[in-house]
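First up is the structure itself, then whatever we jot down about it.
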Amino acid sequence: MSYRNDFLKEVEENVEEGEWVKMCMQCGVCAGSCPFGPHWEHSPQKIFMMIRAGERIQVLSSDSMWMCTSCYNCIVRCPRKLPITHIMHGLANYAHRLGLAPKGQPTRVFAKTFWDNLVKTGRVNELKLTLSHYFRDGFIQGIRNALAMKDIGLGMMKARRINPMELFGGHGLQDLEGFHAIVAKAREIEDRKKGLKNG
Amino acid sequence: MASIATNQTILVVGGGISGMTAALEAAECGRQVILVERNTSLGGRTAQLYRYFPKMCHPTCGLEINLRRMKANRNLKVLTLAEIRSVSGKRGDYTVKIRLSPRYVNEKCTACGECARAVETEIPNPHDYGLGKIKAAYLPHAMAYPLRYVIDPSIIATEDGQRAKKACKYDAVDLEMKEELVEMKFGSVIWATGWKPYDASKIQPYGYDRYDNVITSIEFERLADPHGPTGGKLLRPSDGAEAKNIAFIQCAGSRDENHLRHCSRICCMASLKQSQYVSEKGESKSTIYYIDIRAIDRFEDFYRKVQEDPQVSFVKSKVANIQLDEKTGELILKGVDTEGYHRYEARHDLVVLAIGMEPESLGIPLPEDIITDSSGFMEGSKDLGQFGAGAASSPLDVNRSAQSATAAALRAIQSIYRTSSAEGGQ
């Protein structure tokens, strides 16, 4: 296999902070400093090397970017000051848009649920978000999850953090149309920045 | 003193290997030279090394040759315990203020050592970076030049001071010596102020400030030296046990935007060299953790030789952090290996940080005219009358420092020649 950097170019053009990938000197401090290090498929160091080696599908379908908790330890320690956390999120976003991100990856599923919930009314509906998360793995598991968390749920209701009436419609923004226009514009600007046509 | 200090005279600041070389080269070309050293003796950091790479010879050899040249040369005058306070003027006509600190021992000293025997107070030995103790009346080191004892200012007003004075048969102890400020004129200035180790405690994950058994490469030189605090035994500081399994961590401070931006150049060779101290002294193992080995120039041979040493192993990884095992005093090095991306937790009983070099002049106000690079290393002055030499100008090993110093001596001579010919001849 020849060394091709087509994928590096693709990343530089399309991924947030992607132009930093070539600066990595493979010292391994990010991988060693990551608190989640042992639990994911590829460390940032390895992801950057794979990008440079042109392993496009393996990189974009990796679960690693989705495991990042944004603790910023890697950014603080990186001797070359690569914005590693941001690159990882940029890669996750790009993989998601291309439909290559791992399907059942829990962080991704939750992020998507959260976004869909938010965009509908312009406000996060905590009750619906929680329920849709609980019942993700089927009805029976959902009941089990809800029972396991019932003390916290009741406590939140008492403290008026959750309103049971939210199940019916729920609160939202007054100018929903305006909100959707803002989101659409933001998407348009982002796509333009990344050189994506017809986002 | 005033008779030789004309505007033809060259000032060399710093009496390490670079300053000695620059001063000698210029003096041997017939120029008048004054060499100013801040410490009690010449030799600088070179005198504190156990051995040099790549030939593994002892610095005493190189220093001895230079000292002989020095003693044989009438054009060169050496001032120790002397520090530059200010430089003003322009090329060919610099006015320099120099502060002379008291040594409390005059030129009658024969280095007999009676004062050291009489004195009871002990101070951290500066020659061993404070790792060992020395009497407060002391000879800086075996190769000290001038070969004269020093009395530490802390005992001057005490009974110990009187004891030292009493013990001296030659009337060499002078407790009344005072600090002096002198002003001299020079035609050109060579800055050979050298380097200092980066403050290792700033590299937080390595715990130099928390763990006794994490030391720097310059401290390791003192441990390996038979004249050092452990008599040449590689003993770990926490409990004095022999270090059997030593880790060397490369780029400790260097090549790091959070610390030093530059590659310090010498540290790879220093660790390769130090791994050989370990192998020569017994069965102990060395492990070198590195990003990439930069055995510059012809030193690749040395690197290959060390690679074949069965007692030395290499791990391509910058160690992410170090933890202490409280029970055993061992250090646990954590990181990910770049060759295969394996996660490791390696135990070692002594960790040596191959510490980066920064200019010794950092934090000291330099003449306005001096140009420095982004790391503070000196190029020289804009008026082309002052020059950086040796490790003051760039991170250099002993060999390259001597080359750089010779070049600086030539530039200083040219500068004086150019200035005086512009004035219509000497």
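By convention here, the chains of the structure tokens are called A, B, ... in the order presented, each chain's residues are numbered starting at 1, and ligands are numbered starting at 1 in the order presented.
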Practice task
Find the residues near Leu127 (chain A): any atom within 10 Å, counting only C-alpha atoms, skip ones fewer than 4 places away on the same chain, and give them as a count of residues only.
Solution key: 12
Exercise for the section: Using only C-alpha atoms, select each residue of chain A with any atom at most 12 Å away from an atom of chain B, and give the selection as a PyMOL selection string. Expected result: chain A and resi 24-35+37-50+73-82
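Using only C-alpha atoms, the residues found no farther than 10 Å from Arg144 (chain A), other than those of its own chain fewer than 6 positions away, are Tyr134, Phe135 and Lys150 of chain A.
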Problem - Residues within 7 Å of region 38-53 of chain B, only C-alpha atoms, excluding chain neighbours under 6 positions, as number ranges by chain - result: B: 14-17, 59, 63, 80-83, 127, 140, 144-146, 221-222, 224-225, 273
Problem - Which of region 33-196 of chain A DSSP labels alpha helix (DSSP H), written as a ChimeraX atom specification - result: /A:33,44-52,56-60,64-67,73-77,84-98,106-121,126-134,139-148,150-158,176-193
Problem - All residues 7 Å or closer to Gly54 (chain A), only C-alpha atoms, same chain fewer than 4 positions away omitted, as a PyMOL selection string - result: chain A and resi 4-8+50
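CA of Phe168 (chain A) is positioned 25.2 Å from CA of Ala181 (chain A).
The spacing separating CA of Ile355 (chain B) from CA of Pro310 (chain B) amounts to 25.0 Å.
Those residues of region 51-108 of chain B that DSSP, working from the backbone, places in strand (DSSP E or B) are Leu76, Lys77, Val78, Leu79, Ala82, Glu83, Ile84, Arg85, Ser86, Val87, Ser88, Gly89, Lys90, Asp93, Tyr94, Thr95, Val96, Lys97, Ile98, Arg99, Leu100 and Val105 of chain B.
For the pair CA of Leu366 (chain B) and CA of Thr9 (chain B), the separation is 20.3 Å.
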